[in-house]
Every structure is written in C-alpha cells, then in structure tokens.
There are 4 protein chains.
Amino acid sequence: MRKLLDAAMVVFARRGYHAARVDDIVKLAKTSHGTFYLYFSNKEDLLRALVIEAGTEVATLDQLLGPVGPDPEGWQELRAWMSRFSEAWQRYAPVIRAWTDLAMTDPELGAQAHSAAGGVSSTLAKRIAEAGPDEGIDPIAAAEAVVAMIDRFHYLRQFTGEPVDDTALDTLTTMVHRALFTGTAARKPRPRGSSAVRKARQML
Amino acid sequence: MRKLLDAAMVVFARRGYHAARVDDIVKLAKTSHGTFYLYFSNKEDLLRALVIEAGTEVATLDQLLGPVGPDPEGWQELRAWMSRFSEAWQRYAPVIRAWTDLAMTDPELGAQAHSAAGGVSSTLAKRIAEAGPDEGIDPIAAAEAVVAMIDRFHYLRQFTGEPVDDTALDTLTTMVHRALFTGTAARKPRPRGSSAVRKARQML
Amino acid sequence: MRKLLDAAMVVFARRGYHAARVDDIVKLAKTSHGTFYLYFSNKEDLLRALVIEAGTEVATLDQLLGPVGPDPEGWQELRAWMSRFSEAWQRYAPVIRAWTDLAMTDPELGAQAHSAAGGVSSTLAKRIAEAGPDEGIDPIAAAEAVVAMIDRFHYLRQFTGEPVDDTALDTLTTMVHRALFTGTAARKPRPRGSSAVRKARQML
Amino acid sequence: MRKLLDAAMVVFARRGYHAARVDDIVKLAKTSHGTFYLYFSNKEDLLRALVIEAGTEVATLDQLLGPVGPDPEGWQELRAWMSRFSEAWQRYAPVIRAWTDLAMTDPELGAQAHSAAGGVSSTLAKRIAEAGPDEGIDPIAAAEAVVAMIDRFHYLRQFTGEPVDDTALDTLTTMVHRALFTGTAARKPRPRGSSAVRKARQML
DNA sequence: CATGAATGAGTGTTCATTCAT
DNA sequence: AATGAATGAACACTCATTCAT
C-alpha cells in the first residue's frame, strides 16, 4: 500500500525509526492497524520494503554514471551524477537513516542494504579505475570515501537546516574531481627501501 | 560512575542506543538499577555525559591541527591529524552513532552535539581559509565535507569489517589534500550565456 | 454450508477451538470470510451448529441401547453400543473438545451441550435401573461415571497416539459390565460401630 | 510469587485459560504486569509452573496407594485413595482444564503433563497387576480407564453443580473395585478358532 | 551510598467481524 | 449469493523508572 509507504517515510523523517509508532503511520495514512499488518508483517518489514524501493532507485544511479576523466567533460559528468545522487538521497533520507538505526541490531538488514549502497560505490570505483586515477589512490577506497562524503554531507546539512543547493554540489563535485584526478598535487613522499634501511640512513 | 559509562559504551556498541536496555548496562557494570539512577537521571542523560566526554576529546583535535598548505608539509600535517581523528572516532564510535540515533528525536541533544562536531569543522575551515585554497572551494562547505567523509568512511568500514588501516588513511589524506589545494585541476567551466544559447551553439 | 462445517471440524481437530482462526477454516473450505458470516453469525455460532449436529447423532445412540443385564447377552448388547459410541465419539472428538473449551466461559452453550450428553447417560441410567443393579450402585451416578470413563478414555488415547481398538473396547465393556452387575463382588462393608470398636473386635 | 499462582488458579477456574487475561490475574493478585513477567516469562509459563506444582502433588498420590485386592481391605484401600485423588483433583481442577485446553496446541506441554498423569495410572496398573486381576482385564488399559473415569466424572459434576460427596465416591470405588476384581461376572465369550472358522460355522 | 523488587504506561501485533463491490 | 480488503478493539509483553530497605 503506497499510502502506508509514503506515510512511513514522513513519520520516519519526523521521528526516526524507533520513535515512529505504527499508530502514527497508520493515522497519517488514514488506514487502520489491521491494514498495516495486511501489507507488512512487521514494522521492520515495512522498512525493508522501503529499503528495497530505495535500493532499486539507487541501482539506476549506477547506469547514469558515464566515463569520468580528469578533463572538464569528466567534471560535467560527475556533476550531473551528483545532482541525481543528491536528489535520490534527499528523497530517501529517512530510509537511509532508519536503515542506519536498525542495521546494527539486525545484521541481515544491514547486509541487504549495504549491498545496495555497495552497488553505487563499486560502479564508481570502476569508473575511477577506467579513468586511470593518479598514483596513491586506491579506486575502491576512494569510491567508498566519495559516497561516504556525499552521504554524510547531506545528512549534516539536514541538521544545520541549510539546503544542499547548486553551490554546495559544485563544491562537492570539484572536491571529488580534484581528489581523484590531479596528478600534480603533493602527495605522500614515497619511502625508499625498507624502514630499517631508512633508519640506518638517518643515522649516517 | 566510570563503570557505568564504560559499560554503556560497550552496550551501545553492541546493540545501538535504542536496543540497549538499562538492564544490560547495569549488568555489565555489575551494579544495580538504583545506582544507575543515582548517577544519571536518565538513559538519555547517560548518553549526554558520554557525548560531553567525547566532545572534550574532540575539542583537543582542534588544537592539534596546525597550518595546512599545498606543500608536502601540509600533507604530513593533515596525515597526522587524520590519525588522531581516526583514533578518536573509533574510540567514540558508539557514542557518535547513539547521538545520530537520538539527535533527530531530541533537537536539544542534536544541537549540543552538533556544536562539538562543528568545532572541528570550523577549525578545519579556518585552516583551509588561511592556506588560501583554490578557486571554487568554499572553506566552510569543504571543511564540512571533509569531516563528513572521514566520519562516514569509518562508519561504513565498521560494516564491511575491514579495518581503517594506514593505507586507508593515506588515501583519505591524499584525497582531502588534493581536493583542497590543487589549483591546476579541471574545474567547473564558467558558463557563458544561458543554457539555451549554449545548446544553440552546439548545433552549429 | 457443509464445506465450512467440515473444514471447521478439521481445524478444530488440528488446533483446538481457541487457536482455530476463522481464516484457517475459510481457507480450508476454499471460501471467503464473507461467506462464513453469511451462514454463521459467529465463530461460536459455527461451533453451536456442530454441537447440534453431534447432539442429534448422539441422540440416536440412546435408541440403540437395548436392555442390559448381568448375562452374556447384556455384555454383547453393551459391547455393540460401545462400538457405536466409540465411533461417534471419534467422529465428533474435536467438537466435544471445543465444547469443553467454551462451556466454562459460555454457560448457555454449556447447558445446551450438556443436555445432549445428559440424554445418553440418562438412557443408560434407565437401562441400569431396569436391569436391577447390585446394591451400592446409584444408577444415575453410575451412568455418568460410565460415560465419563468412555469419553475421557478416548481423549487420553488421542494423546498417547494409541488407537482405541477392539481389545480396548472389550476391556472397557468388561469393566463396565462387571462394575454394574456383579452382586457377588466385595463391596463396602457396612460399618458397625465406631472404627475403634471395629479394631477391638479384630483383636479378639 | 505465590500470590500470582493463587490468583491464576482462581482466574483460570472462572474463565478458563484462554479467556483469562494477564490483567485479570494481576489485578486479583494486586500486583503489576511487570511483576508478572518478573516471575514468569509467559502466561503459558505460569501454567507450566502450576502444572508442575499439581504434578508433584499428584506424584505423592502414587505412594499412597497400597496393595489392592479383591477383598474388603482392597476396597478400603481404594476408597481412601479415591478420597485423596478427589481432593487433589478438585484443588487443581482449573489447572487440569487449562492443560487440556493447551495440550493440543503445545505438544511439549502435553507431553510434560501427560507424564505426570501417566505416573498415577502406571502405579495403579502395577497394583492391579500385583493383585492378579481377572481374565479379560488389561492392567494398563484398565488403569487408564479408571483414571479417565474419575477425572471426567469430577469434571462433569462441576457442570451439573452437584458435589462429589462421599456417596458418589463410594459408588465410584465400588464400580472400580468390581470392574477389576470380579471373576464370576459375565464376560466376553472366548471365541474359538479363527474368525474365518467362526463365520464358516455360522453358515452351517 | 547501594540495592533490586516492584511498577505501569506504552506499544506491537492479532484476529473476529463488517461491508462495499 | 459470494467476495476479500479493511477495520479496530483487545491483549500480551517490555522496559525505563522508583523507592523501601
């Protein structure tokens, strides 16, 4: 029942998963408790349904990310994708938060939802690898970090109340693009030889 | 009572704030319910205490971040800070999660804890501003994004079970450093004219 | 609707009256909830219908019990009746159980069904009285006891899983027949004087 | 908590197990829901406790049954035992009924309680076997039948409202005693030869 | 200071019953 | 006559909190 799913989103948004009473959801959806349990076997089951819904939406994000490179076209590509991501995130923010709440208690749900998120970051990792990222960047960790940044950035902005507008997305995009594709930046000085050798050298 | 605070951390880590019963904490601390309410007026009050504790620890992180610039010394500085941050985050991970759980329901707690986190990111913003970051980077948003990235990256790694080791921290540091200080990177091309005009041009 | 009555019997047999959900019955009968309430105003009403059905069946048992006396023909008569009784009991076992479950809560139903059972035992009482039972036997109590024994014996056998076969029925018949018609058996010695006096006598 | 056990007995007696609300029990015991679940993990668990209590009481009945024979002393022995049995049954009548209600749904409980009842009837079976019962009596089936009779007789008397007084117990005792130990009674005519032979004979 | 038995408001869930189609 | 989606009253159970000892 769509009405219930929508209502649940609203209530989760307002009070969080735990504080959300079935009664609240049911009242907002203008249905009865019976109807709730007709469509979902659980409060958790309802969340699971929302997670799946969000997951399929997120899955489409995978395909929307074309080749990303150091050039301005890469930036544009990334920026467009960022918009979609931001939009999707904001739509499903309550679900993401609820998932976070529950994932710890229920490892199964954690795994289920994690695989969805993993889809996005692994696609991103592939794109980064394709583009031949700079030295010192592990595509997988980098992709995870990017998703993490965008995710949490949106979350924090919810608290400050400030919107995630174009300017913010531009900054995010720029940061990500630079982070991944700027070979000239200062980086960790490569240690030469083993650390034992290094120590020995310093003693000379 | 230290025993209670420590026990609470463990239980929060295991089951999350909501699923954590006072009974669990009390049993682990080998005290009684009565003692619990002798020291804390609430389960929430206990969390508040932990948040304060974490907050003071985090506050010291502020002072540990020296000037950060585009040069290798900047990278080193950032890397050292990242280590401290990572360590602190991992120590207080359960508290951070619990806060996240509650912040939505209890705006007051949200504000209190947010100011702590805000301290870190505002110091970082100052450092970024001091270093004269590249065009297209808003120091405040950038600082927030960086903290967001590190925060969430750690959280996600908890789920995958993979540790946040030196390699991961190196990658994070490099990404952050590049993101902030690489003037030569491709950046958002300034749009000329309206998008309608642009489209028209492409048709020629 | 016969389908519903049959289905109800099956479900009552499987799960008992209380645990039997209308949903179960309806599903087994391959009809809908609506149909159920078209024919019965209640779950209890359905049971009432089954009790009536069982009652009429039991009523025929009355007429099947001919004169019973101490002689072998009496035994045969009793044995034949026992077979019919056993058969009927096993057919309506779930109804009897359900009635038992409910009778306490709903005195009206209790009375209704009790009258049915009462029919059997009163007929039996009449037969016993006709046959001139031995001294020390109250026909009414005896008849009740016999019905009670047969009833419960069947019930207990359901639990042990052992069938109520011919051997068991033979034993039951023999017990009943002996219990009622054996004048030579030892019986309650009429007490003479106080027990102290009795003891004294025995010492002589 | 004795108060709870006692209250539960009363409520089970009044309304039966299923209709008995935890609230009823708790109110009668003048405690709270919390206290209930402090001592019992379930409504079912409470019943289990009562069943165990009744079981131990019933177990003592085993030892109170001395040798039983066809003579008047046997009758006296049986009569004394019958009194104890009747008393115990009446004390635990609600428990027995509740068990009956549940046993079908919960096989485990059924087995547990059945073993208690089994103790009594197996002891009785032993006594019967010792006394050398008459031909045509299977000690085990007979013992079961006796217990069944007494059990159900009491139950039915609850409905009619008539008390189980000394007269009734006398009648029961006499019936049982006669049923078991009266060799001269008419009994099932021993069939000679196989049933095929018998049929053939009848055709002559 | 410490205890832990007792509390009861709050909540998820079930299931008999209804009624628009 | 038949359906089955919708209803909501009723109930078992939890757990943060208190207070007499």
# chains A, B, ... in the order shown; residues from 1 in each chain; ligands from 1
>>> residues_around(residues="DG4 (chain F)", least_positions_apart="2", cutoff="10 Å", atoms="only C-alpha atoms (C1' of nucleotides)", output="list in words")
Thr31, Ser32, His33 and Gly34 of chain C; DA2 and DA6 of chain F
>>> write_last_selection(atoms="N, CA and C atoms (P, O5', C5', C4', C3', O3' and C1' of nucleotides)", output="compact mmCIF listing (two decimals), in the first residue's frame")
# COMPACT_ATOMS: atom_id res chain seq x y z
N THR C 31 -13.50 -20.90 0.74
CA THR C 31 -14.48 -19.82 0.56
C THR C 31 -13.90 -18.55 1.15
N SER C 32 -14.74 -17.58 1.36
CA SER C 32 -14.26 -16.29 1.84
C SER C 32 -14.83 -15.99 3.23
N HIS C 33 -14.24 -15.03 3.86
CA HIS C 33 -14.74 -14.60 5.16
C HIS C 33 -16.21 -14.20 5.07
N GLY C 34 -16.51 -13.52 4.00
CA GLY C 34 -17.88 -13.07 3.81
C GLY C 34 -18.86 -14.23 3.85
P DA F 2 -23.22 -18.86 -1.99
O5' DA F 2 -22.18 -17.72 -2.33
C5' DA F 2 -21.66 -17.65 -3.65
C4' DA F 2 -20.59 -16.59 -3.72
C3' DA F 2 -19.48 -16.76 -2.68
O3' DA F 2 -18.26 -16.91 -3.40
C1' DA F 2 -20.22 -14.52 -2.79
P DA F 6 -7.56 -2.60 1.16
O5' DA F 6 -8.41 -2.38 2.48
C5' DA F 6 -9.64 -1.68 2.38
C4' DA F 6 -10.31 -1.63 3.73
C3' DA F 6 -9.44 -1.04 4.86
O3' DA F 6 -10.12 0.06 5.42
C1' DA F 6 -10.46 -3.09 5.54
>>> residues_around(residues="Ala80 (chain B)", least_positions_apart="3", cutoff="12 Å", atoms="only C-alpha atoms (C1' of nucleotides)", output="number ranges by chain")
A: 188; B: 61, 64-66, 68, 73-77, 83-87, 166, 169-170, 172-173
>>> residues_around(residues="Ala117 (chain A)", least_positions_apart="2", cutoff="10 Å", atoms="only C-alpha atoms (C1' of nucleotides)", output="list of chain:residue names")
A:Ala54, A:Gly55, A:Val58, A:Ala59, A:Ala111, A:Gln112, A:Ala113, A:His114, A:Ser115, A:Gly119, A:Val120, A:Ser121, A:Ser122, A:Glu144, A:Val147
>>> closest_atom_pairs(of="chain F", to="chain A", cutoff="9 Å", atoms="only C-alpha atoms (C1' of nucleotides)", output="CSV")
residue,atom,partner,partner_atom,distance
F:DA5,C1',A:Thr35,CA,8.3
F:DA6,C1',A:Thr35,CA,6.2
F:DT7,C1',A:Ser32,CA,6.2
F:DG8,C1',A:Ser32,CA,6.9
>>> write_last_selection(atoms="all heavy atoms", output="PDB file, in the first residue's frame")
ATOM      1  P    DA F   5      -7.883  -9.202  -0.836  1.00  0.00           P
ATOM      2  OP1  DA F   5      -7.960  -9.440  -2.281  1.00  0.00           O
ATOM      3  OP2  DA F   5      -6.789  -9.803  -0.031  1.00  0.00           O
ATOM      4  O5'  DA F   5      -7.882  -7.623  -0.585  1.00  0.00           O
ATOM      5  C5'  DA F   5      -8.743  -6.818  -1.379  1.00  0.00           C
ATOM      6  C4'  DA F   5      -9.251  -5.630  -0.576  1.00  0.00           C
ATOM      7  O4'  DA F   5     -10.320  -6.048   0.323  1.00  0.00           O
ATOM      8  C3'  DA F   5      -8.203  -4.960   0.306  1.00  0.00           C
ATOM      9  O3'  DA F   5      -8.482  -3.568   0.314  1.00  0.00           O
ATOM     10  C2'  DA F   5      -8.436  -5.591   1.678  1.00  0.00           C
ATOM     11  C1'  DA F   5      -9.946  -5.798   1.677  1.00  0.00           C
ATOM     12  N9   DA F   5     -10.421  -6.952   2.454  1.00  0.00           N
ATOM     13  C8   DA F   5      -9.853  -8.202   2.510  1.00  0.00           C
ATOM     14  N7   DA F   5     -10.509  -9.035   3.281  1.00  0.00           N
ATOM     15  C5   DA F   5     -11.584  -8.294   3.750  1.00  0.00           C
ATOM     16  C6   DA F   5     -12.657  -8.606   4.620  1.00  0.00           C
ATOM     17  N6   DA F   5     -12.823  -9.810   5.166  1.00  0.00           N
ATOM     18  N1   DA F   5     -13.545  -7.626   4.893  1.00  0.00           N
ATOM     19  C2   DA F   5     -13.371  -6.433   4.329  1.00  0.00           C
ATOM     20  N3   DA F   5     -12.416  -6.017   3.495  1.00  0.00           N
ATOM     21  C4   DA F   5     -11.533  -7.005   3.254  1.00  0.00           C
ATOM     22  P    DA F   6      -7.558  -2.598   1.163  1.00  0.00           P
ATOM     23  OP1  DA F   6      -7.526  -1.323   0.436  1.00  0.00           O
ATOM     24  OP2  DA F   6      -6.304  -3.304   1.510  1.00  0.00           O
ATOM     25  O5'  DA F   6      -8.409  -2.384   2.485  1.00  0.00           O
ATOM     26  C5'  DA F   6      -9.641  -1.678   2.381  1.00  0.00           C
ATOM     27  C4'  DA F   6     -10.308  -1.632   3.732  1.00  0.00           C
ATOM     28  O4'  DA F   6     -10.645  -2.966   4.145  1.00  0.00           O
ATOM     29  C3'  DA F   6      -9.444  -1.045   4.855  1.00  0.00           C
ATOM     30  O3'  DA F   6     -10.125   0.063   5.416  1.00  0.00           O
ATOM     31  C2'  DA F   6      -9.275  -2.173   5.853  1.00  0.00           C
ATOM     32  C1'  DA F   6     -10.456  -3.088   5.540  1.00  0.00           C
ATOM     33  N9   DA F   6     -10.208  -4.500   5.836  1.00  0.00           N
ATOM     34  C8   DA F   6      -9.176  -5.279   5.412  1.00  0.00           C
ATOM     35  N7   DA F   6      -9.222  -6.521   5.830  1.00  0.00           N
ATOM     36  C5   DA F   6     -10.377  -6.572   6.588  1.00  0.00           C
ATOM     37  C6   DA F   6     -11.007  -7.616   7.313  1.00  0.00           C
ATOM     38  N6   DA F   6     -10.522  -8.853   7.387  1.00  0.00           N
ATOM     39  N1   DA F   6     -12.161  -7.325   7.953  1.00  0.00           N
ATOM     40  C2   DA F   6     -12.639  -6.077   7.873  1.00  0.00           C
ATOM     41  N3   DA F   6     -12.153  -5.023   7.221  1.00  0.00           N
ATOM     42  C4   DA F   6     -11.005  -5.337   6.593  1.00  0.00           C
ATOM     43  P    DT F   7      -9.455   0.899   6.566  1.00  0.00           P
ATOM     44  OP1  DT F   7      -9.941   2.273   6.418  1.00  0.00           O
ATOM     45  OP2  DT F   7      -8.013   0.615   6.592  1.00  0.00           O
ATOM     46  O5'  DT F   7     -10.116   0.275   7.864  1.00  0.00           O
ATOM     47  C5'  DT F   7     -11.539   0.227   7.962  1.00  0.00           C
ATOM     48  C4'  DT F   7     -11.940  -0.521   9.197  1.00  0.00           C
ATOM     49  O4'  DT F   7     -11.553  -1.907   9.064  1.00  0.00           O
ATOM     50  C3'  DT F   7     -11.263  -0.026  10.474  1.00  0.00           C
ATOM     51  O3'  DT F   7     -12.243   0.573  11.285  1.00  0.00           O
ATOM     52  C2'  DT F   7     -10.652  -1.281  11.108  1.00  0.00           C
ATOM     53  C1'  DT F   7     -11.329  -2.413  10.360  1.00  0.00           C
ATOM     54  N1   DT F   7     -10.526  -3.642  10.202  1.00  0.00           N
ATOM     55  C2   DT F   7     -10.951  -4.793  10.816  1.00  0.00           C
ATOM     56  O2   DT F   7     -11.945  -4.854  11.508  1.00  0.00           O
ATOM     57  N3   DT F   7     -10.152  -5.889  10.591  1.00  0.00           N
ATOM     58  C4   DT F   7      -8.993  -5.938   9.822  1.00  0.00           C
ATOM     59  O4   DT F   7      -8.369  -6.975   9.692  1.00  0.00           O
ATOM     60  C5   DT F   7      -8.612  -4.700   9.214  1.00  0.00           C
ATOM     61  C7   DT F   7      -7.382  -4.640   8.378  1.00  0.00           C
ATOM     62  C6   DT F   7      -9.382  -3.627   9.431  1.00  0.00           C
ATOM     63  P    DG F   8     -11.951   1.855  12.103  1.00  0.00           P
ATOM     64  OP1  DG F   8     -13.152   2.700  12.143  1.00  0.00           O
ATOM     65  OP2  DG F   8     -10.651   2.393  11.670  1.00  0.00           O
ATOM     66  O5'  DG F   8     -11.760   1.198  13.547  1.00  0.00           O
ATOM     67  C5'  DG F   8     -12.769   0.354  14.070  1.00  0.00           C
ATOM     68  C4'  DG F   8     -12.212  -0.445  15.244  1.00  0.00           C
ATOM     69  O4'  DG F   8     -11.453  -1.564  14.724  1.00  0.00           O
ATOM     70  C3'  DG F   8     -11.229   0.329  16.140  1.00  0.00           C
ATOM     71  O3'  DG F   8     -11.371  -0.132  17.474  1.00  0.00           O
ATOM     72  C2'  DG F   8      -9.874  -0.104  15.617  1.00  0.00           C
ATOM     73  C1'  DG F   8     -10.181  -1.560  15.340  1.00  0.00           C
ATOM     74  N9   DG F   8      -9.237  -2.206  14.448  1.00  0.00           N
ATOM     75  C8   DG F   8      -8.338  -1.616  13.598  1.00  0.00           C
ATOM     76  N7   DG F   8      -7.619  -2.473  12.931  1.00  0.00           N
ATOM     77  C5   DG F   8      -8.074  -3.701  13.364  1.00  0.00           C
ATOM     78  C6   DG F   8      -7.680  -5.009  12.993  1.00  0.00           C
ATOM     79  O6   DG F   8      -6.818  -5.341  12.187  1.00  0.00           O
ATOM     80  N1   DG F   8      -8.406  -5.981  13.669  1.00  0.00           N
ATOM     81  C2   DG F   8      -9.395  -5.729  14.596  1.00  0.00           C
ATOM     82  N2   DG F   8      -9.987  -6.784  15.145  1.00  0.00           N
ATOM     83  N3   DG F   8      -9.778  -4.520  14.942  1.00  0.00           N
ATOM     84  C4   DG F   8      -9.078  -3.558  14.292  1.00  0.00           C
TER      85       DG F   8
END
>>> select_by_dssp(residues="region 26-60 of chain C", states="helix (DSSP H, G or I)", output="MDAnalysis selection string")
chainID C and resid 26:28 33:39 43:60
>>> interface_residues(of="chain E", to="chain A", cutoff="12 Å", atoms="only C-alpha atoms (C1' of nucleotides)", output="list of chain:residue names")
E:DG10, E:DT11, E:DG12, E:DT13, E:DT14, E:DC15, E:DA16
>>> closest_atom_pairs(of="chain A", to="chain B", cutoff="6 Å", atoms="only C-alpha atoms", output="JSON lines")
{"residue": "A:Arg15", "atom": "CA", "partner": "B:Thr105", "partner_atom": "CA", "distance": 5.4}
{"residue": "A:Asp71", "atom": "CA", "partner": "B:Ala186", "partner_atom": "CA", "distance": 6.0}
{"residue": "A:Pro72", "atom": "CA", "partner": "B:Ala186", "partner_atom": "CA", "distance": 5.7}
{"residue": "A:Thr105", "atom": "CA", "partner": "B:Arg15", "partner_atom": "CA", "distance": 5.5}
{"residue": "A:Ile137", "atom": "CA", "partner": "B:Thr171", "partner_atom": "CA", "distance": 5.7}
{"residue": "A:Ala145", "atom": "CA", "partner": "B:Phe153", "partner_atom": "CA", "distance": 5.6}
{"residue": "A:Ala148", "atom": "CA", "partner": "B:Arg152", "partner_atom": "CA", "distance": 5.0}
{"residue": "A:Met149", "atom": "CA", "partner": "B:Met149", "partner_atom": "CA", "distance": 3.7}
{"residue": "A:Arg152", "atom": "CA", "partner": "B:Ala148", "partner_atom": "CA", "distance": 5.0}
{"residue": "A:Phe153", "atom": "CA", "partner": "B:Ala148", "partner_atom": "CA", "distance": 5.4}
{"residue": "A:Thr171", "atom": "CA", "partner": "B:Ile137", "partner_atom": "CA", "distance": 5.7}
{"residue": "A:Met175", "atom": "CA", "partner": "B:Ala179", "partner_atom": "CA", "distance": 4.4}
{"residue": "A:Arg178", "atom": "CA", "partner": "B:Ala179", "partner_atom": "CA", "distance": 4.9}
{"residue": "A:Ala179", "atom": "CA", "partner": "B:Met175", "partner_atom": "CA", "distance": 4.3}
{"residue": "A:Thr182", "atom": "CA", "partner": "B:Ala185", "partner_atom": "CA", "distance": 5.7}
{"residue": "A:Ala185", "atom": "CA", "partner": "B:Arg178", "partner_atom": "CA", "distance": 5.8}
{"residue": "A:Ala186", "atom": "CA", "partner": "B:Pro72", "partner_atom": "CA", "distance": 5.5}
>>> atom_distance(atom1="CA of Val26 (chain A)", atom2="CA of Leu47 (chain A)")
14.2 Å
>>> decode(residues="region 93-114 of chain A", atoms="C-alpha atoms", output="PDB file, in the first residue's frame")
ATOM      1  CA  ALA A  93      16.941  10.249   3.512  1.00  0.00           C
ATOM      2  CA  PRO A  94      14.550   8.916   6.153  1.00  0.00           C
ATOM      3  CA  VAL A  95      15.000   5.401   4.857  1.00  0.00           C
ATOM      4  CA  ILE A  96      18.744   5.696   4.924  1.00  0.00           C
ATOM      5  CA  ARG A  97      18.615   6.941   8.478  1.00  0.00           C
ATOM      6  CA  ALA A  98      16.228   4.228   9.565  1.00  0.00           C
ATOM      7  CA  TRP A  99      18.429   1.653   7.974  1.00  0.00           C
ATOM      8  CA  THR A 100      21.381   3.041   9.877  1.00  0.00           C
ATOM      9  CA  ASP A 101      19.393   2.774  13.090  1.00  0.00           C
ATOM     10  CA  LEU A 102      18.488  -0.830  12.529  1.00  0.00           C
ATOM     11  CA  ALA A 103      21.449  -2.234  10.675  1.00  0.00           C
ATOM     12  CA  MET A 104      23.392  -2.685  13.879  1.00  0.00           C
ATOM     13  CA  THR A 105      20.663  -4.639  15.625  1.00  0.00           C
ATOM     14  CA  ASP A 106      19.683  -6.675  12.617  1.00  0.00           C
ATOM     15  CA  PRO A 107      22.765  -7.787  10.690  1.00  0.00           C
ATOM     16  CA  GLU A 108      20.655  -9.295   7.941  1.00  0.00           C
ATOM     17  CA  LEU A 109      19.084  -5.976   7.112  1.00  0.00           C
ATOM     18  CA  GLY A 110      22.498  -4.401   7.327  1.00  0.00           C
ATOM     19  CA  ALA A 111      23.870  -6.752   4.709  1.00  0.00           C
ATOM     20  CA  GLN A 112      20.855  -6.334   2.454  1.00  0.00           C
ATOM     21  CA  ALA A 113      21.028  -2.582   2.373  1.00  0.00           C
ATOM     22  CA  HIS A 114      24.785  -2.496   2.297  1.00  0.00           C
TER      23      HIS A 114
END
